[in-house]
Structure formats: C-alpha cells, structure tokens
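Structure, as structure tokens:
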Amino acid sequence: SERVMGYQLIETIEVGSGGAASIEFTGIPQDGVDLVVKLSPRAANGLFNMTFNSDTAANYGYISLQGTDTAASSLSSNPQSYIRFRGVTETTQTANTFGSASVLISNYTSSANKSVSIDGVSEHNGETGTSYRNIVAGSYTTTSGITSISWSANAGTIAEYSTASLYKITAD
C-alpha cells in the first residue's frame, strides 16, 4: 500500500499589540509524523532562540550557515540550551516588513533524538541593517515526544503582527 502524506494546520499565532516576549505552541497532538512551522517574524533582535518542552538544559546542538549581501559565515554550537537562527527582520529595518522562516522537526513523537531543519531570511530593502539568509541543521536530545515549541528574540520583544503557523504532517 502507498503512504500519502498530508499537512494539517494545528494553530496559528499572531502577536498582539505591544509585542510579546515569546511565541509558544503548547499541547501539540502526538498523532503526526513530523511538524512544520511557518514563521513571519519581526523583533528587536534578528536572532531567534527555539526550545522544546520548556527544556532549557544543554540538550540541543546546531550548525548554522548564514550569508548577507556581501559575506558568508558558519557557526557550530553543541551542547546548547536552545537552537538559534536568523530569519527575523529587525524593528530598526524597513517598517511593516517581516522575515520568513520554515522549521521542520522530524519524527517529533519518537523516543529517539529529534532532527531539526530551519531555512530563514530577514528583509531590509536596502535600509539600515543587514539582510540575512540562514540554514540551520539542529538536534534535540530527548526520549520524550515534543509537546510544546517556544521562540524568543535573543534580545527585546517580538513585534506586533509577527505570525507562526504550526502544521503536523500525517501519514494517511
């Protein structure tokens, strides 16, 4: 028999007036195969830190490749208390412009370690600041399924109208 994969929207969060310290999905159903999150963020700082299950212990590792209009660099961080990525337009950059990021979390209900892939880009349209493109390969060392995901800006708050949509991928 053939397996057909399908996306199912679980929840969309939009940051309200005044901004927020974090964006968090809780009570994630444990009946999917993978999770996908689509982010459209704007924040005081262009770096986002991601954690799972409210776990801030050194159970994460990641390798990041990023580029700007003029340079490229890489970073490896293991162990760490979060997975960090760029894909956030900074509030000092072009007004009403948001970054774009896609997060894939494989086998999120498995008792094995979880792999995480992130692809993100910030926007600044030639104004003050730097536009980043970022690819991250990460891992989360746990035997528990992922039941919550949280993002926070490395500094400051997440701006109003930033959005995150969580999807589960199912095998039908």
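In the structure tokens, the first chain shown is A, the next is B, and so on; residue numbers restart at 1 for each chain, and ligands run from 1 in the order shown.
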Quick one: everything within 9 Å of A:Gln80, counting only C-alpha atoms, minus sequence neighbours fewer than 2 positions away in the same chain. Send it as a tab-separated table (two decimals) with all heavy atoms, in the first residue's frame.
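Full text of result-v1.tsv as output:
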```
chain	number	residue	atom	x	y	z
A	56	THR	N	15.35	24.03	28.94
A	56	THR	CA	16.44	24.98	28.71
A	56	THR	C	17.78	24.40	29.16
A	56	THR	O	18.74	25.13	29.38
A	56	THR	CB	16.18	26.32	29.43
A	56	THR	OG1	15.97	26.06	30.83
A	56	THR	CG2	14.96	27.02	28.84
A	57	ALA	N	17.85	23.07	29.29
A	57	ALA	CA	19.11	22.40	29.60
A	57	ALA	C	19.92	22.27	28.31
A	57	ALA	O	19.42	22.53	27.21
A	57	ALA	CB	18.85	21.03	30.21
A	58	ALA	N	21.16	21.86	28.42
A	58	ALA	CA	22.06	21.74	27.26
A	58	ALA	C	21.77	20.46	26.48
A	58	ALA	O	22.63	19.59	26.35
A	58	ALA	CB	23.51	21.79	27.72
A	59	ASN	N	20.57	20.38	25.91
A	59	ASN	CA	20.14	19.20	25.16
A	59	ASN	C	20.00	19.47	23.67
A	59	ASN	O	19.37	18.69	22.96
A	59	ASN	CB	18.79	18.70	25.71
A	59	ASN	CG	18.94	18.15	27.11
A	59	ASN	OD1	19.92	17.46	27.41
A	59	ASN	ND2	17.99	18.45	27.96
A	60	TYR	N	20.58	20.55	23.19
A	60	TYR	CA	20.45	20.96	21.80
A	60	TYR	C	21.83	21.09	21.17
A	60	TYR	O	22.82	21.36	21.85
A	60	TYR	CB	19.76	22.33	21.70
A	60	TYR	CG	18.42	22.40	22.39
A	60	TYR	CD1	18.33	22.69	23.74
A	60	TYR	CD2	17.24	22.20	21.68
A	60	TYR	CE1	17.10	22.78	24.38
A	60	TYR	CE2	16.01	22.28	22.30
A	60	TYR	CZ	15.95	22.57	23.66
A	60	TYR	OH	14.73	22.65	24.27
A	61	GLY	N	21.87	20.94	19.88
A	61	GLY	CA	23.07	21.21	19.11
A	61	GLY	C	22.65	21.73	17.75
A	61	GLY	O	21.57	21.40	17.27
A	62	TYR	N	23.48	22.57	17.14
A	62	TYR	CA	23.13	23.06	15.80
A	62	TYR	C	24.37	23.52	15.04
A	62	TYR	O	25.38	23.89	15.63
A	62	TYR	CB	22.09	24.17	15.85
A	62	TYR	CG	22.51	25.44	16.55
A	62	TYR	CD1	23.09	26.49	15.84
A	62	TYR	CD2	22.31	25.61	17.91
A	62	TYR	CE1	23.46	27.66	16.48
A	62	TYR	CE2	22.68	26.77	18.55
A	62	TYR	CZ	23.25	27.80	17.83
A	62	TYR	OH	23.62	28.96	18.46
A	77	SER	N	27.39	24.98	17.41
A	77	SER	CA	27.20	25.14	18.84
A	77	SER	C	26.60	23.87	19.43
A	77	SER	O	25.44	23.54	19.15
A	77	SER	CB	26.30	26.35	19.13
A	77	SER	OG	26.27	26.61	20.50
A	78	ASN	N	27.39	23.17	20.23
A	78	ASN	CA	26.94	21.92	20.81
A	78	ASN	C	27.77	21.61	22.06
A	78	ASN	O	28.99	21.66	21.97
A	78	ASN	CB	27.10	20.79	19.79
A	78	ASN	CG	26.52	19.49	20.25
A	78	ASN	OD1	25.63	19.46	21.08
A	78	ASN	ND2	27.04	18.41	19.71
A	82	TYR	N	19.42	25.88	23.51
A	82	TYR	CA	18.43	26.30	22.51
A	82	TYR	C	19.00	26.03	21.14
A	82	TYR	O	20.18	25.72	21.00
A	82	TYR	CB	18.10	27.80	22.63
A	82	TYR	CG	19.34	28.66	22.67
A	82	TYR	CD1	20.07	28.93	21.51
A	82	TYR	CD2	19.82	29.17	23.87
A	82	TYR	CE1	21.24	29.69	21.54
A	82	TYR	CE2	20.98	29.94	23.91
A	82	TYR	CZ	21.67	30.19	22.75
A	82	TYR	OH	22.83	30.93	22.79
A	83	ILE	N	18.17	26.18	20.12
A	83	ILE	CA	18.64	26.21	18.74
A	83	ILE	C	18.40	27.63	18.26
A	83	ILE	O	17.29	28.16	18.38
A	83	ILE	CB	17.87	25.20	17.85
A	83	ILE	CG1	18.18	23.77	18.30
A	83	ILE	CG2	18.25	25.40	16.38
A	83	ILE	CD1	17.38	22.70	17.59
```
Checklist entry - Near A:Leu75, counting only C-alpha atoms, which residues have an atom at most 9 Å away, once you skip same-chain residues fewer than 5 positions from it, shown as number ranges by chain? => result A: 62-66
Could you save those same residues with C-alpha atoms as a tab-separated table (two decimals), in the first residue's frame?
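The new file result18.tsv reads:
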```tsv
chain	number	residue	atom	x	y	z
A	62	TYR	CA	23.13	23.06	15.80
A	63	ILE	CA	25.22	24.01	12.81
A	64	SER	CA	24.34	27.26	11.08
A	65	LEU	CA	25.33	28.64	7.69
A	66	GLN	CA	24.41	32.26	7.06
```
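If only C-alpha atoms are the atoms counted, then among A:Tyr161, A:Tyr132, A:Trp151, A:Phe85 the closest residue to A:Ala72 is A:Tyr132.
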Next on the checklist: Using DSSP secondary structure from the backbone, list all strand (DSSP E) positions within chain A, as an NGL selection string.
Outcome noted: :A and (5-14 or 22-25 or 34-40 or 42-43 or 47-52 or 60-67 or 72-80 or 83-86 or 89-90 or 100-105 or 114-121 or 133-140 or 149-153 or 163-171)
Can you tell me which residues surround A:Glu90 at a distance of at most 7 Å, considering only C-alpha atoms, apart from same-chain residues fewer than 2 positions away, and format the answer as a PDB file with C-alpha atoms, in the first residue's frame?
```
ATOM      1  CA  ARG A  42       9.892  40.850  13.296  1.00  0.00           C
ATOM      2  CA  ALA A  43      11.775  41.623  16.521  1.00  0.00           C
ATOM      3  CA  ALA A  44      14.198  43.995  18.220  1.00  0.00           C
ATOM      4  CA  ASN A  45      16.982  41.469  17.501  1.00  0.00           C
ATOM      5  CA  GLY A  46      17.465  39.383  14.342  1.00  0.00           C
ATOM      6  CA  VAL A  88      13.855  37.739  11.728  1.00  0.00           C
ATOM      7  CA  THR A  92      15.097  49.123  13.089  1.00  0.00           C
ATOM      8  CA  GLN A  93      14.751  47.955   9.482  1.00  0.00           C
TER       9      GLN A  93
END
```
Item to check | Polymer residues at most 7 Å from A:Val37, only C-alpha atoms, same-chain spacing of 3 or more positions, as a list in words | outcome: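 Once the nearby chain positions are removed, what remains is Ser102, Val103, Leu104, Ala164, Ser165, Leu166 and Tyr167 of chain A.
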Checklist entry - Which neighbours of A:Gly6 fall inside 9 Å, counting only C-alpha atoms, when residues of the same chain fewer than 3 positions from it are skipped, and could you give them as a ChimeraX atom specification? => result /A:168-172
Could the residues in this selection be written to a file with all heavy atoms, as an mmCIF file, in the first residue's frame?
```cif
data_model
loop_
_atom_site.group_PDB
_atom_site.id
_atom_site.type_symbol
_atom_site.label_atom_id
_atom_site.label_comp_id
_atom_site.auth_asym_id
_atom_site.auth_seq_id
_atom_site.Cartn_x
_atom_site.Cartn_y
_atom_site.Cartn_z
ATOM 1 N N LYS A 168 1.056 19.712 11.438
ATOM 2 C CA LYS A 168 1.587 18.357 11.613
ATOM 3 C C LYS A 168 1.465 17.662 10.263
ATOM 4 O O LYS A 168 0.545 17.926 9.484
ATOM 5 C CB LYS A 168 0.853 17.583 12.700
ATOM 6 C CG LYS A 168 -0.579 17.252 12.412
ATOM 7 C CD LYS A 168 -1.196 16.477 13.569
ATOM 8 C CE LYS A 168 -2.673 16.231 13.296
ATOM 9 N NZ LYS A 168 -3.305 15.485 14.385
ATOM 10 N N ILE A 169 2.443 16.836 9.981
ATOM 11 C CA ILE A 169 2.423 16.028 8.783
ATOM 12 C C ILE A 169 1.945 14.646 9.203
ATOM 13 O O ILE A 169 2.496 14.041 10.128
ATOM 14 C CB ILE A 169 3.802 15.961 8.107
ATOM 15 C CG1 ILE A 169 4.242 17.363 7.693
ATOM 16 C CG2 ILE A 169 3.758 15.032 6.906
ATOM 17 C CD1 ILE A 169 5.644 17.431 7.116
ATOM 18 N N THR A 170 0.907 14.171 8.544
ATOM 19 C CA THR A 170 0.333 12.886 8.884
ATOM 20 C C THR A 170 0.548 11.899 7.744
ATOM 21 O O THR A 170 0.747 12.293 6.606
ATOM 22 C CB THR A 170 -1.183 13.022 9.151
ATOM 23 O OG1 THR A 170 -1.812 13.547 7.984
ATOM 24 C CG2 THR A 170 -1.449 13.940 10.322
ATOM 25 N N ALA A 171 0.520 10.640 8.091
ATOM 26 C CA ALA A 171 0.600 9.577 7.088
ATOM 27 C C ALA A 171 -0.793 8.957 6.999
ATOM 28 O O ALA A 171 -1.260 8.368 7.973
ATOM 29 C CB ALA A 171 1.626 8.542 7.466
ATOM 30 N N ASP A 172 -1.443 9.123 5.874
ATOM 31 C CA ASP A 172 -2.803 8.588 5.715
ATOM 32 C C ASP A 172 -2.786 7.273 4.977
ATOM 33 O O ASP A 172 -1.959 6.998 4.179
ATOM 34 C CB ASP A 172 -3.678 9.583 4.964
ATOM 35 C CG ASP A 172 -3.832 10.878 5.743
ATOM 36 O OD1 ASP A 172 -3.786 10.836 6.984
ATOM 37 O OD2 ASP A 172 -3.991 11.922 5.085
#
```
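Counting only C-alpha atoms and comparing A:Ile146, A:Ser152, A:Ala101, A:Ser162, the residue that lies closest to A:Pro29 is A:Ile146.
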Next on the checklist: Need the shell around A:Asp69: protein/DNA/RNA residues with any atom at most 12 Å away, counting only C-alpha atoms. Skip same-chain ones fewer than 3 positions apart. Format as a PyMOL selection string?
Outcome noted: chain A and resi 66+72-73+121-126+129-133
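Among A:Gln8, A:Ser54, A:Ser115, A:Thr68, the residue with the shortest atom-to-atom distance to A:Phe25, counting only C-alpha atoms, is A:Ser54.
Checking A:Gly18, A:Gly120, A:Gly156, A:Gly145 one by one against A:Phe52, counting only C-alpha atoms, you find the shortest gap at A:Gly145.
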Next on the checklist: Under the rule that only C-alpha atoms are counted, which of A:Gly32, A:Ser139, A:Gly87, A:Phe98 is the nearest residue to A:Ala112?
Outcome noted: A:Ser139
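Going from atom CA of A:Val116 to atom CA of A:Asn96 covers 28.8 Å.
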